[in-house]
Amino acid sequence: MYAFDRLRQIIFMITKDDIAKGYDKIAEKIYVSDTFYNEVMAIEKNWHGDILDAGCGQGPILQKLAKFLKANPKSEIPNPKQILNSKFQIRQLVGIDISDKLLEMARKKVPEAEIIKADIDAMPFADNTFDFAVMVDVFQYLCQEHERNSGVSLRGVPPEASGGTTKQSQIYEDCFAAARNDGKRNSFACGFANALNEIYRVLKPGGKFIVTVPNKNWLLFDEYIKRRKNIQPVEDHFFTFDEMAGLLKKHGFKIEKYRGADCFRYYAPYHKYEMWLAMFFPWMHKRMKKIIFKAVKAV
Ligand SMILES: C[S@@+](CC[C@H](N)C(=O)[O-])C[C@H]1O[C@@H](n2cnc3c(N)ncnc32)[C@H](O)[C@@H]1O
């Protein structure tokens with residue numbers, strides 16, 4: 001435990017290259033239950049227009065949305081119980097990511113979408129382009145502005161912290177090898193504030209931002225943290241509801257809706273009970289593993 005803490009104190013700054021390289025290496029291993037993506041989809045009843053998936057990975061959300069592209073003859077409503085009265089008039093789907101491997105996988109899996117290598121930090125889109133921006137399981141891997149500005153961060157995952165297999169450790173060692181401050185601010189992990197400014201900029205007025213974060217007030221958080229093994233190349237930041245809500249508000253978003261969710265990997269059996277309880281005690285949504293926010297670009 002001491003060695004682990006010492007390692008965490010080693011100061012280094014993980015760069016985007018390291019992050020991209022790390023994701024290239026774990027691309028095939030990334031697995032999140034489809035049910036989680038359905039929970040994300042269900043927070044909006046009227047997906048439409050131009051939609052951006054920022055940090056799209058293999059494109060699981062884009063795959064779901066592609067069924068509703070205007071020109072797609074296979075268009076159908078996937079879960080009529082959850083997504084009622086939807087117009088589903090989707091004009092275009094765009095996904096961006098920095099991992100070449102994940103981009104390649106997304107292009108194969110969602111040929112209907114335009115998949116572009118681009119950085120959330122400086123997106124190659126004009127102001128007011130999209131009706132929706134989605135960030136699923138991405139926000140928590142960005143960094144705080146003070147970490148980024150000082151070039152000091154503890155957010156890379158040391159091999160030992162993975163507690164994992166030699167194979168996993170190798171991934172982190174590779175990431176670490178280059179994870180030193182190179183003096184170029186923009187090569188560092190994108191910051192929370194900058195990401196929100198960019199999302200705000202590319203959304204049309206009234207456009208919607210759907211973002212998921214892991215929840216620090218999750219009922220099983222302490223238990224989970226003791227046991228978990230990291231697999232991502234960047235350590236994730238768990239948010240309290242208030243912390244994320246504050247960030248959204250500060251950057252010009254108005255929260256329209258939120259709900260609890262679970263990625264169904266470790267604690268799946270509990271989640272259905274949580275959801276039942278939440279019908280009677282809505283505060284339960286703030287105590288689940290993940291929180292999905294639907295925010296609107298306020299003007
Ligand atoms: C845990 S994965 C989630 C991928 C996808 N959204 C999903 O739900 O499967 C995080 C993704 O964020 C991407 N990412 C991290 N920093 C990024 C940045 N600055 N710009 C674009 N993508 C980034 C990674 O390459 C990776 O694909």
# chains A, B, ... in the order shown; residues from 1 in each chain; ligands from 1
>>> residues_near_ligand(ligand="ligand 1", cutoff="9 Å", atoms="only C-alpha atoms and all ligand atoms", output="mmCIF file with C-alpha atoms, in the first residue's frame")
data_model
loop_
_atom_site.group_PDB
_atom_site.id
_atom_site.type_symbol
_atom_site.label_atom_id
_atom_site.label_comp_id
_atom_site.auth_asym_id
_atom_site.auth_seq_id
_atom_site.Cartn_x
_atom_site.Cartn_y
_atom_site.Cartn_z
ATOM 1 C CA LYS A 16 -2.646 13.077 -25.240
ATOM 2 C CA ILE A 19 -3.679 8.579 -23.803
ATOM 3 C CA ALA A 20 -4.258 7.788 -27.473
ATOM 4 C CA LYS A 21 -1.546 5.130 -27.388
ATOM 5 C CA GLY A 22 -3.006 3.666 -24.208
ATOM 6 C CA TYR A 23 -6.462 3.439 -25.772
ATOM 7 C CA ASP A 24 -5.034 1.933 -28.967
ATOM 8 C CA ALA A 27 -9.191 -0.986 -27.715
ATOM 9 C CA ILE A 30 -13.077 -2.106 -23.744
ATOM 10 C CA TYR A 31 -16.410 -3.566 -22.833
ATOM 11 C CA VAL A 32 -19.390 -1.873 -21.294
ATOM 12 C CA TYR A 37 -25.877 2.656 -23.502
ATOM 13 C CA ASP A 53 -20.225 11.952 -30.105
ATOM 14 C CA ALA A 54 -17.080 13.424 -28.512
ATOM 15 C CA GLY A 55 -14.690 10.634 -27.511
ATOM 16 C CA CYS A 56 -16.792 8.124 -29.429
ATOM 17 C CA GLY A 57 -14.483 5.140 -28.913
ATOM 18 C CA GLN A 58 -15.814 2.212 -30.948
ATOM 19 C CA GLY A 59 -19.046 4.150 -31.411
ATOM 20 C CA PRO A 60 -21.587 2.230 -29.317
ATOM 21 C CA ILE A 61 -23.902 5.251 -29.056
ATOM 22 C CA ILE A 96 -14.419 12.158 -32.857
ATOM 23 C CA ASP A 97 -11.635 10.449 -30.935
ATOM 24 C CA ILE A 98 -7.855 10.540 -30.590
ATOM 25 C CA SER A 99 -7.183 6.788 -30.622
ATOM 26 C CA ASP A 100 -6.400 5.539 -34.142
ATOM 27 C CA LYS A 101 -7.365 1.998 -33.273
ATOM 28 C CA LEU A 102 -10.739 2.990 -31.811
ATOM 29 C CA LEU A 103 -11.398 5.292 -34.777
ATOM 30 C CA LYS A 117 -9.595 12.051 -35.685
ATOM 31 C CA ALA A 118 -9.955 15.152 -33.556
ATOM 32 C CA ASP A 119 -9.345 16.433 -30.078
ATOM 33 C CA ILE A 120 -12.083 17.604 -27.721
ATOM 34 C CA ASP A 121 -9.709 20.391 -26.724
ATOM 35 C CA ALA A 122 -10.015 22.138 -30.085
ATOM 36 C CA MET A 123 -12.754 20.649 -32.215
ATOM 37 C CA VAL A 134 -22.719 13.291 -26.296
ATOM 38 C CA MET A 135 -19.804 12.386 -24.029
ATOM 39 C CA VAL A 136 -20.176 8.907 -22.649
ATOM 40 C CA ASP A 137 -17.519 7.648 -20.265
ATOM 41 C CA VAL A 138 -15.048 10.295 -21.378
ATOM 42 C CA PHE A 139 -15.387 13.300 -19.079
ATOM 43 C CA GLN A 140 -13.937 11.508 -16.064
ATOM 44 C CA TYR A 141 -10.667 10.869 -17.918
ATOM 45 C CA LEU A 142 -9.989 14.542 -18.615
ATOM 46 C CA SER A 187 -0.484 18.048 -25.594
ATOM 47 C CA PHE A 188 -1.654 17.425 -22.042
ATOM 48 C CA ALA A 189 -4.925 15.748 -21.271
ATOM 49 C CA CYS A 190 -7.813 18.032 -22.131
ATOM 50 C CA GLY A 191 -9.172 19.949 -19.127
ATOM 51 C CA ALA A 195 -13.955 20.556 -22.904
ATOM 52 C CA GLN A 232 -8.058 2.657 -18.684
ATOM 53 C CA VAL A 234 -5.913 7.476 -17.462
#
>>> residues_around(residues="segment 248-255 of chain A", least_positions_apart="2", cutoff="12 Å", atoms="only C-alpha atoms", output="ChimeraX atom specification")
/A:139,192-201,203,205-211,241-246,257-259,292-299
>>> closest_residue(among="A:Ala133, A:Ile225, A:Ile90, A:Met275", to="Trp47 of chain A", atoms="only C-alpha atoms")
A:Ile90
>>> select_by_dssp(residues="segment 90-153 of chain A", states="strand (DSSP E)", output="JSON, numbers by chain")
{"A": [90, 91, 92, 93, 94, 95, 96, 97, 114, 115, 116, 117, 130, 131, 132, 133, 134, 135]}
>>> write_last_selection(atoms="N, CA and C atoms", output="mmCIF file, in the first residue's frame")
data_model
loop_
_atom_site.group_PDB
_atom_site.id
_atom_site.type_symbol
_atom_site.label_atom_id
_atom_site.label_comp_id
_atom_site.auth_asym_id
_atom_site.auth_seq_id
_atom_site.Cartn_x
_atom_site.Cartn_y
_atom_site.Cartn_z
ATOM 1 N N ILE A 90 -32.854 12.245 -37.495
ATOM 2 C CA ILE A 90 -31.423 12.520 -37.370
ATOM 3 C C ILE A 90 -30.840 12.819 -38.762
ATOM 4 N N ARG A 91 -30.118 13.952 -38.844
ATOM 5 C CA ARG A 91 -29.571 14.360 -40.138
ATOM 6 C C ARG A 91 -28.162 13.809 -40.331
ATOM 7 N N GLN A 92 -27.307 14.033 -39.329
ATOM 8 C CA GLN A 92 -25.948 13.505 -39.479
ATOM 9 C C GLN A 92 -25.353 13.112 -38.135
ATOM 10 N N LEU A 93 -24.484 12.107 -38.211
ATOM 11 C CA LEU A 93 -23.805 11.622 -37.016
ATOM 12 C C LEU A 93 -22.309 11.825 -37.200
ATOM 13 N N VAL A 94 -21.693 12.439 -36.196
ATOM 14 C CA VAL A 94 -20.250 12.669 -36.270
ATOM 15 C C VAL A 94 -19.626 12.135 -34.987
ATOM 16 N N GLY A 95 -18.541 11.392 -35.128
ATOM 17 C CA GLY A 95 -17.825 10.911 -33.944
ATOM 18 C C GLY A 95 -16.382 11.371 -34.014
ATOM 19 N N ILE A 96 -15.845 11.818 -32.876
ATOM 20 C CA ILE A 96 -14.419 12.158 -32.857
ATOM 21 C C ILE A 96 -13.722 11.382 -31.741
ATOM 22 N N ASP A 97 -12.442 11.117 -31.971
ATOM 23 C CA ASP A 97 -11.635 10.449 -30.935
ATOM 24 C C ASP A 97 -10.165 10.698 -31.271
ATOM 25 N N GLU A 114 -19.803 9.938 -39.685
ATOM 26 C CA GLU A 114 -18.527 10.497 -40.100
ATOM 27 C C GLU A 114 -17.609 10.425 -38.883
ATOM 28 N N ILE A 115 -16.552 9.654 -39.012
ATOM 29 C CA ILE A 115 -15.658 9.451 -37.859
ATOM 30 C C ILE A 115 -14.345 10.177 -38.147
ATOM 31 N N ILE A 116 -14.024 11.121 -37.260
ATOM 32 C CA ILE A 116 -12.889 12.009 -37.519
ATOM 33 C C ILE A 116 -11.881 11.939 -36.380
ATOM 34 N N LYS A 117 -10.604 11.953 -36.739
ATOM 35 C CA LYS A 117 -9.595 12.051 -35.685
ATOM 36 C C LYS A 117 -9.522 13.511 -35.239
ATOM 37 N N PHE A 130 -24.045 21.731 -33.821
ATOM 38 C CA PHE A 130 -24.760 20.494 -33.474
ATOM 39 C C PHE A 130 -26.005 20.731 -32.607
ATOM 40 N N ASP A 131 -26.989 19.836 -32.808
ATOM 41 C CA ASP A 131 -28.183 19.848 -31.958
ATOM 42 C C ASP A 131 -27.933 19.068 -30.667
ATOM 43 N N PHE A 132 -27.048 18.081 -30.760
ATOM 44 C CA PHE A 132 -26.709 17.264 -29.584
ATOM 45 C C PHE A 132 -25.203 17.020 -29.550
ATOM 46 N N ALA A 133 -24.657 17.033 -28.336
ATOM 47 C CA ALA A 133 -23.289 16.540 -28.148
ATOM 48 C C ALA A 133 -23.369 15.498 -27.037
ATOM 49 N N VAL A 134 -22.688 14.387 -27.263
ATOM 50 C CA VAL A 134 -22.719 13.291 -26.296
ATOM 51 C C VAL A 134 -21.293 13.014 -25.843
ATOM 52 N N MET A 135 -21.113 12.827 -24.549
ATOM 53 C CA MET A 135 -19.804 12.386 -24.029
ATOM 54 C C MET A 135 -20.069 11.269 -23.040
#
>>> select_by_dssp(residues="segment 214-273 of chain A", states="alpha helix (DSSP H)", output="VMD selection string")
chain A and resid 221 to 227 241 to 250 268 to 273
>>> write_last_selection(atoms="C-alpha atoms", output="mmCIF file, in the first residue's frame")
data_model
loop_
_atom_site.group_PDB
_atom_site.id
_atom_site.type_symbol
_atom_site.label_atom_id
_atom_site.label_comp_id
_atom_site.auth_asym_id
_atom_site.auth_seq_id
_atom_site.Cartn_x
_atom_site.Cartn_y
_atom_site.Cartn_z
ATOM 1 C CA PHE A 221 -18.058 3.595 -3.873
ATOM 2 C CA ASP A 222 -15.811 2.738 -0.894
ATOM 3 C CA GLU A 223 -16.202 -0.969 -1.442
ATOM 4 C CA TYR A 224 -15.525 -0.623 -5.157
ATOM 5 C CA ILE A 225 -12.421 1.538 -4.770
ATOM 6 C CA LYS A 226 -10.813 -1.053 -2.495
ATOM 7 C CA ARG A 227 -11.178 -3.782 -5.077
ATOM 8 C CA PHE A 241 -23.557 15.284 -8.286
ATOM 9 C CA ASP A 242 -22.993 18.847 -7.043
ATOM 10 C CA GLU A 243 -19.480 19.039 -8.487
ATOM 11 C CA MET A 244 -20.619 18.088 -11.989
ATOM 12 C CA ALA A 245 -23.793 20.159 -11.765
ATOM 13 C CA GLY A 246 -21.638 23.146 -10.705
ATOM 14 C CA LEU A 247 -19.270 22.696 -13.638
ATOM 15 C CA LEU A 248 -22.141 22.474 -16.107
ATOM 16 C CA LYS A 249 -23.787 25.597 -14.732
ATOM 17 C CA LYS A 250 -20.519 27.526 -14.656
ATOM 18 C CA ALA A 268 -25.341 -5.520 -12.074
ATOM 19 C CA PRO A 269 -27.609 -7.473 -9.728
ATOM 20 C CA TYR A 270 -27.977 -4.468 -7.434
ATOM 21 C CA HIS A 271 -28.834 -1.993 -10.114
ATOM 22 C CA LYS A 272 -32.327 -3.205 -10.876
ATOM 23 C CA TYR A 273 -33.204 -2.847 -7.181
#
